[in-house]
Amino acid sequence: MGPGSSAGSSWGMLRSIQNSDRVAQHNLSRGTTRRILTFARPYRRDIGVFLVTVVLAACIGVATPVLAGHVVNAITAGGPEATSLVVRLAVAIAVLAVADAFLSLAQRWYSARIGEGIILDLRTQVYDHVQRMPLQFFTRTQTGALVSRLNNDVLGAQRAFTSTLSGVVSNVIQLVLTAAVMFTLSWQITVLSLLLLPVFIIPARRVGKRLAEITRESYNLDAKMNATMTERFNVSGALLVKLFGRPDTEAARFGERAARVRDIGVQSAMYSRTFFVAMLLVASLAQALTYGLGGWLAVTGSVTAGTVVTLALLLTRLYGPLTALSNVRVDVMSALVSFDRVFEVLDLRPGIEEKPDATPIPSGSGRVEFRDVHFRYPSAGEVSLATLEDVAALDRTRNAPVLRGVDFTVEPGQMVALVGPSGAGKSTTSMLVSRVYDVTDGAVLVGGVDVRDATLDSLRDTIGVVTQDSHLFHETIAENLRYARPDATEADMWEALRGAQVADLVEALPDGLDTVVGDRGYRFSGGEKQRIAIARLLLKHPSIVILDEATAHLDSESEAAVQRALSKALEGRTALVIAHRLSTVRDADQILVLDEGRIVERGRHTELVAAGGLYAELYRTQFAVADSPAPPYAQDAEPVIVPVPANTIEP
């Protein structure tokens, strides 16, 4: 084993020392090892072949120095058979070298096949599972921490079946064979060589702990810089920096952190190099002792010159496995911890699950019914992980009810409006219809089917939503539209765009439907983005539409354009509307007034104003100020259902 191999072994040991504190502080969940084996089962044949190649390579690693010693003995012995013997031994060494090269390629092939396969399985499972988590999970979780589970921890778990597994097997076999051969050749030289091992390991642990400290600091600084860049490089953050004229301050703050990372990088490089140099130095000193004592024994006739050469070569294959195996527990635990952190996410219970015997909602259903609905938001302990929120412990306090006995029915062809003060439960009501959350008690029915008994696909097909700030992915217009209906043709998309009053705008773009909308759709104005979102809804063709302040924060011209688009979107559909503008609710077939989670008033606009209750108060203090001519979609429209802004969903 040459210097490169020694450096590789020493780096593995150094990494183990760095991880030792973190691993020691992590308590593994019960059954982690058994669950890991379930991921390994599909690759058991590949793992078997992989381990065979590792064993054969370890054997070759020990056989080569032994043959080299025989070559030296044959040369020093001389005689008529020496030449042929040396040639045969050289050929054998060459054959072993070729075999070792092929085994190395085979190991890499199987290692990559197993490792990448496990990465694929873990990532797809975690990604699919996270998509099914309740919305509150995403409002509490740090996105970077969640992404880290999909990247860093998955890679750490993958190492369990590649570098850790192969390293343990290879090092154990190589250590046993090497030590056995060395003791057989000369126990005195072997014992003397091992005396230098503590001289390397003890200082190495101190260096490793110091390196671990600065590495952790570097990781923390990197995380802060990533968070800063994520916030400042999105459109909203960049605009705020420009508006307040703080680019120099931001650059200086970032520069301070980056400079510390640079300093840590220099220190880390020197610590690592010192570690590697110490490893090579100790190995070289041990070889010097071997040559010294072995040479003296060879001169006195106790051993042969070939034996001295064999011992010196084998010595380099002894230190690497010894140092690596001295930290094998940390290596194995590091891999187990990575698996355990991935399993933590997989063990979180999805907020919404489809029943095995779920039934589809009848096509074209437009009836919505709430039956004595009660609801409370889940606590943090029910939907999140402390490690994903960067807190010591999750709050497990039971949240107060948001809805208390809500009853109403929206018939097909009706438009029902939800109004009330902030926090009354309007948005929560709308999200229960689309099953973003499930009721705590009572039932919500769509088309006569309890949404908890319905197939998720039929529920999503039945209900369409336009929110206050409709989100567009950083993709093309066509890709954003097809998110509602993947099989939509180009003709279908143009028809939807015309219905949303935005076809002329898209036609005028150089790339048309292939135009990339930018981060969160910021290449378009608010009104344009809303109309693209309405086109997406039209393409979906739902029978129930939920409008969540769809014209809020728009200028008059944009609002008029969006209202014309909405008039098309609501044709022949059921509607439940949440709005603060009187113009969007006064012509509703029924207005439901919510307060503290209960419906306190219901009726038409004129009736509620005349009653002099909460609605009349809202009319005087809130609606009347924003009163404007009735929008086109308020005339002869069918009922719609509206959700609440993302930043208002927390209890």
# chains A, B, ... in the order shown; residues from 1 in each chain; ligands from 1
>>> residues_around(residues="segment 69-79 of chain A", least_positions_apart="2", cutoff="8 Å", atoms="only C-alpha atoms", output="PyMOL selection string")
chain A and resi 65-67+81-83+85-86+89-90+304-310
>>> residues_around(residues="segment 573-576 of chain A", least_positions_apart="4", cutoff="10 Å", atoms="only C-alpha atoms", output="PDB file with N, CA and C atoms, in the first residue's frame")
ATOM      1  N   GLY A 364     -68.607  16.520 -12.093  1.00  0.00           N
ATOM      2  CA  GLY A 364     -69.468  17.690 -12.203  1.00  0.00           C
ATOM      3  C   GLY A 364     -70.189  18.071 -10.933  1.00  0.00           C
ATOM      4  N   SER A 365     -69.862  17.408  -9.810  1.00  0.00           N
ATOM      5  CA  SER A 365     -70.538  17.727  -8.549  1.00  0.00           C
ATOM      6  C   SER A 365     -70.210  19.149  -8.116  1.00  0.00           C
ATOM      7  N   GLY A 366     -71.262  19.893  -7.673  1.00  0.00           N
ATOM      8  CA  GLY A 366     -71.046  21.268  -7.257  1.00  0.00           C
ATOM      9  C   GLY A 366     -71.633  21.593  -5.908  1.00  0.00           C
ATOM     10  N   ARG A 367     -72.127  20.606  -5.191  1.00  0.00           N
ATOM     11  CA  ARG A 367     -72.749  20.836  -3.897  1.00  0.00           C
ATOM     12  C   ARG A 367     -71.730  20.672  -2.778  1.00  0.00           C
ATOM     13  N   VAL A 368     -71.700  21.646  -1.869  1.00  0.00           N
ATOM     14  CA  VAL A 368     -70.787  21.622  -0.732  1.00  0.00           C
ATOM     15  C   VAL A 368     -71.610  21.735   0.543  1.00  0.00           C
ATOM     16  N   VAL A 410     -73.875  24.878   0.253  1.00  0.00           N
ATOM     17  CA  VAL A 410     -73.754  25.630  -0.994  1.00  0.00           C
ATOM     18  C   VAL A 410     -74.320  24.752  -2.101  1.00  0.00           C
ATOM     19  N   GLU A 411     -75.429  25.188  -2.659  1.00  0.00           N
ATOM     20  CA  GLU A 411     -76.055  24.427  -3.731  1.00  0.00           C
ATOM     21  C   GLU A 411     -75.394  24.760  -5.070  1.00  0.00           C
ATOM     22  N   PRO A 412     -75.421  23.812  -6.018  1.00  0.00           N
ATOM     23  CA  PRO A 412     -74.885  24.110  -7.354  1.00  0.00           C
ATOM     24  C   PRO A 412     -75.585  25.337  -7.950  1.00  0.00           C
ATOM     25  N   GLY A 413     -74.798  26.219  -8.526  1.00  0.00           N
ATOM     26  CA  GLY A 413     -75.351  27.426  -9.120  1.00  0.00           C
ATOM     27  C   GLY A 413     -75.422  28.583  -8.167  1.00  0.00           C
ATOM     28  N   GLN A 414     -74.985  28.406  -6.938  1.00  0.00           N
ATOM     29  CA  GLN A 414     -74.992  29.494  -5.969  1.00  0.00           C
ATOM     30  C   GLN A 414     -73.606  30.093  -5.805  1.00  0.00           C
ATOM     31  N   MET A 415     -73.601  31.349  -5.352  1.00  0.00           N
ATOM     32  CA  MET A 415     -72.364  32.007  -4.956  1.00  0.00           C
ATOM     33  C   MET A 415     -72.513  32.375  -3.486  1.00  0.00           C
ATOM     34  N   VAL A 416     -71.663  31.806  -2.659  1.00  0.00           N
ATOM     35  CA  VAL A 416     -71.713  32.041  -1.219  1.00  0.00           C
ATOM     36  C   VAL A 416     -70.435  32.750  -0.799  1.00  0.00           C
ATOM     37  N   ALA A 417     -70.603  33.795   0.020  1.00  0.00           N
ATOM     38  CA  ALA A 417     -69.461  34.588   0.470  1.00  0.00           C
ATOM     39  C   ALA A 417     -69.226  34.363   1.954  1.00  0.00           C
ATOM     40  N   LEU A 418     -67.974  34.282   2.346  1.00  0.00           N
ATOM     41  CA  LEU A 418     -67.586  34.199   3.750  1.00  0.00           C
ATOM     42  C   LEU A 418     -66.963  35.521   4.156  1.00  0.00           C
ATOM     43  N   SER A 430     -62.468  27.359   4.128  1.00  0.00           N
ATOM     44  CA  SER A 430     -62.238  27.050   2.716  1.00  0.00           C
ATOM     45  C   SER A 430     -61.236  25.923   2.543  1.00  0.00           C
ATOM     46  N   ILE A 463     -62.218  20.605  -7.456  1.00  0.00           N
ATOM     47  CA  ILE A 463     -62.033  21.919  -6.834  1.00  0.00           C
ATOM     48  C   ILE A 463     -60.854  22.655  -7.466  1.00  0.00           C
ATOM     49  N   GLY A 464     -61.074  23.929  -7.790  1.00  0.00           N
ATOM     50  CA  GLY A 464     -60.012  24.803  -8.277  1.00  0.00           C
ATOM     51  C   GLY A 464     -59.882  26.009  -7.374  1.00  0.00           C
ATOM     52  N   HIS A 541     -60.588  23.028 -15.377  1.00  0.00           N
ATOM     53  CA  HIS A 541     -62.038  22.890 -15.548  1.00  0.00           C
ATOM     54  C   HIS A 541     -62.698  22.242 -14.329  1.00  0.00           C
ATOM     55  N   PRO A 542     -62.580  22.839 -13.138  1.00  0.00           N
ATOM     56  CA  PRO A 542     -63.225  22.280 -11.949  1.00  0.00           C
ATOM     57  C   PRO A 542     -64.691  22.695 -11.887  1.00  0.00           C
ATOM     58  N   SER A 543     -65.483  21.959 -11.126  1.00  0.00           N
ATOM     59  CA  SER A 543     -66.890  22.337 -10.948  1.00  0.00           C
ATOM     60  C   SER A 543     -67.082  23.249  -9.745  1.00  0.00           C
ATOM     61  N   ILE A 544     -66.083  23.319  -8.865  1.00  0.00           N
ATOM     62  CA  ILE A 544     -66.120  24.215  -7.701  1.00  0.00           C
ATOM     63  C   ILE A 544     -64.851  25.063  -7.726  1.00  0.00           C
ATOM     64  N   VAL A 545     -65.048  26.374  -7.530  1.00  0.00           N
ATOM     65  CA  VAL A 545     -63.900  27.288  -7.550  1.00  0.00           C
ATOM     66  C   VAL A 545     -63.790  27.981  -6.202  1.00  0.00           C
ATOM     67  N   ILE A 546     -62.581  28.050  -5.676  1.00  0.00           N
ATOM     68  CA  ILE A 546     -62.325  28.757  -4.413  1.00  0.00           C
ATOM     69  C   ILE A 546     -61.536  30.027  -4.726  1.00  0.00           C
ATOM     70  N   LEU A 547     -62.110  31.177  -4.369  1.00  0.00           N
ATOM     71  CA  LEU A 547     -61.438  32.458  -4.610  1.00  0.00           C
ATOM     72  C   LEU A 547     -60.961  33.040  -3.290  1.00  0.00           C
ATOM     73  N   ASP A 548     -59.678  33.314  -3.217  1.00  0.00           N
ATOM     74  CA  ASP A 548     -59.097  33.863  -1.989  1.00  0.00           C
ATOM     75  C   ASP A 548     -58.565  35.253  -2.270  1.00  0.00           C
ATOM     76  N   LYS A 568     -65.412  34.617 -16.597  1.00  0.00           N
ATOM     77  CA  LYS A 568     -65.327  33.429 -17.443  1.00  0.00           C
ATOM     78  C   LYS A 568     -65.064  32.186 -16.591  1.00  0.00           C
ATOM     79  N   ALA A 569     -64.219  32.351 -15.573  1.00  0.00           N
ATOM     80  CA  ALA A 569     -63.856  31.208 -14.744  1.00  0.00           C
ATOM     81  C   ALA A 569     -65.036  30.660 -13.948  1.00  0.00           C
ATOM     82  N   VAL A 585     -69.000  40.602  -2.741  1.00  0.00           N
ATOM     83  CA  VAL A 585     -69.884  39.764  -1.924  1.00  0.00           C
ATOM     84  C   VAL A 585     -71.340  40.243  -1.901  1.00  0.00           C
ATOM     85  N   ALA A 588     -73.910  38.113  -3.695  1.00  0.00           N
ATOM     86  CA  ALA A 588     -73.857  36.668  -3.435  1.00  0.00           C
ATOM     87  C   ALA A 588     -75.245  36.155  -3.092  1.00  0.00           C
ATOM     88  N   ASP A 589     -75.497  34.900  -3.441  1.00  0.00           N
ATOM     89  CA  ASP A 589     -76.778  34.283  -3.103  1.00  0.00           C
ATOM     90  C   ASP A 589     -76.945  34.170  -1.595  1.00  0.00           C
ATOM     91  N   GLN A 590     -75.838  33.992  -0.913  1.00  0.00           N
ATOM     92  CA  GLN A 590     -75.885  33.913   0.543  1.00  0.00           C
ATOM     93  C   GLN A 590     -74.558  34.403   1.102  1.00  0.00           C
ATOM     94  N   ILE A 591     -74.627  35.168   2.183  1.00  0.00           N
ATOM     95  CA  ILE A 591     -73.427  35.648   2.872  1.00  0.00           C
ATOM     96  C   ILE A 591     -73.401  35.011   4.251  1.00  0.00           C
ATOM     97  N   LEU A 592     -72.267  34.379   4.573  1.00  0.00           N
ATOM     98  CA  LEU A 592     -72.079  33.776   5.888  1.00  0.00           C
ATOM     99  C   LEU A 592     -71.113  34.636   6.682  1.00  0.00           C
ATOM    100  N   ALA A 637     -73.573  34.561 -11.481  1.00  0.00           N
ATOM    101  CA  ALA A 637     -72.484  33.582 -11.372  1.00  0.00           C
ATOM    102  C   ALA A 637     -72.896  32.439 -10.462  1.00  0.00           C
ATOM    103  N   GLU A 638     -72.206  31.334 -10.616  1.00  0.00           N
ATOM    104  CA  GLU A 638     -72.486  30.186  -9.758  1.00  0.00           C
ATOM    105  C   GLU A 638     -71.504  30.162  -8.595  1.00  0.00           C
ATOM    106  N   PRO A 639     -71.839  29.418  -7.504  1.00  0.00           N
ATOM    107  CA  PRO A 639     -71.049  29.449  -6.274  1.00  0.00           C
ATOM    108  C   PRO A 639     -69.587  29.085  -6.461  1.00  0.00           C
ATOM    109  N   VAL A 640     -68.755  29.732  -5.608  1.00  0.00           N
ATOM    110  CA  VAL A 640     -67.305  29.498  -5.641  1.00  0.00           C
ATOM    111  C   VAL A 640     -66.789  29.278  -4.234  1.00  0.00           C
ATOM    112  N   ILE A 641     -65.690  28.625  -4.094  1.00  0.00           N
ATOM    113  CA  ILE A 641     -65.139  28.394  -2.761  1.00  0.00           C
ATOM    114  C   ILE A 641     -63.741  28.980  -2.673  1.00  0.00           C
ATOM    115  N   VAL A 642     -63.440  29.799  -1.644  1.00  0.00           N
ATOM    116  CA  VAL A 642     -62.180  30.529  -1.593  1.00  0.00           C
ATOM    117  C   VAL A 642     -61.311  30.201  -0.398  1.00  0.00           C
ATOM    118  N   PRO A 643     -59.950  30.056  -0.597  1.00  0.00           N
ATOM    119  CA  PRO A 643     -59.033  29.807   0.511  1.00  0.00           C
ATOM    120  C   PRO A 643     -58.441  31.088   1.071  1.00  0.00           C
TER     121      PRO A 643
END
>>> closest_residue(among="A:Met279, A:Val332, A:Val383, A:Arg108", to="Val130 of chain A", atoms="only C-alpha atoms")
A:Val383
>>> residues_around(residues="Asp357 of chain A", least_positions_apart="4", cutoff="12 Å", atoms="only C-alpha atoms", output="list in words")
Glu353, Arg452, Asp453, Ala454, Thr455 and Leu456 of chain A
>>> write_last_selection(atoms="C-alpha atoms", output="PDB file, in the first residue's frame")
ATOM      1  CA  GLU A 353     -54.162  10.103   3.651  1.00  0.00           C
ATOM      2  CA  ARG A 452     -62.290  11.988   3.926  1.00  0.00           C
ATOM      3  CA  ASP A 453     -63.887   9.109   2.018  1.00  0.00           C
ATOM      4  CA  ALA A 454     -63.181  10.544  -1.437  1.00  0.00           C
ATOM      5  CA  THR A 455     -60.230   9.765  -3.670  1.00  0.00           C
ATOM      6  CA  LEU A 456     -57.720  12.604  -3.604  1.00  0.00           C
TER       7      LEU A 456
END
>>> closest_residue(among="A:Tyr483, A:Phe408, A:Phe339, A:Tyr615", to="Arg159 of chain A", atoms="only C-alpha atoms")
A:Phe339
>>> closest_atom_pairs(of="segment 247-357 of chain A", to="segment 436-441 of chain A", cutoff="12 Å", atoms="only C-alpha atoms", output="Markdown table")
| residue | atom | partner | partner_atom | distance |
| --- | --- | --- | --- | --- |
| A:Pro350 | CA | A:Tyr437 | CA | 10.6 |
| A:Gly351 | CA | A:Tyr437 | CA | 6.9 |
| A:Ile352 | CA | A:Tyr437 | CA | 7.0 |
| A:Glu353 | CA | A:Asp438 | CA | 9.8 |
| A:Glu354 | CA | A:Asp438 | CA | 11.6 |
>>> residues_around(residues="Ala533 of chain A", least_positions_apart="6", cutoff="8 Å", atoms="only C-alpha atoms", output="NGL selection string")
:A and (466 or 470-472 or 481)
>>> atom_distance(atom1="atom CA of Thr476 of chain A", atom2="atom CA of Val517 of chain A")
5.8 Å
>>> atom_distance(atom1="atom CA of Tyr291 of chain A", atom2="atom CA of Ala312 of chain A")
6.9 Å
>>> atom_distance(atom1="atom CA of Lys426 of chain A", atom2="atom CA of Ala358 of chain A")
27.6 Å
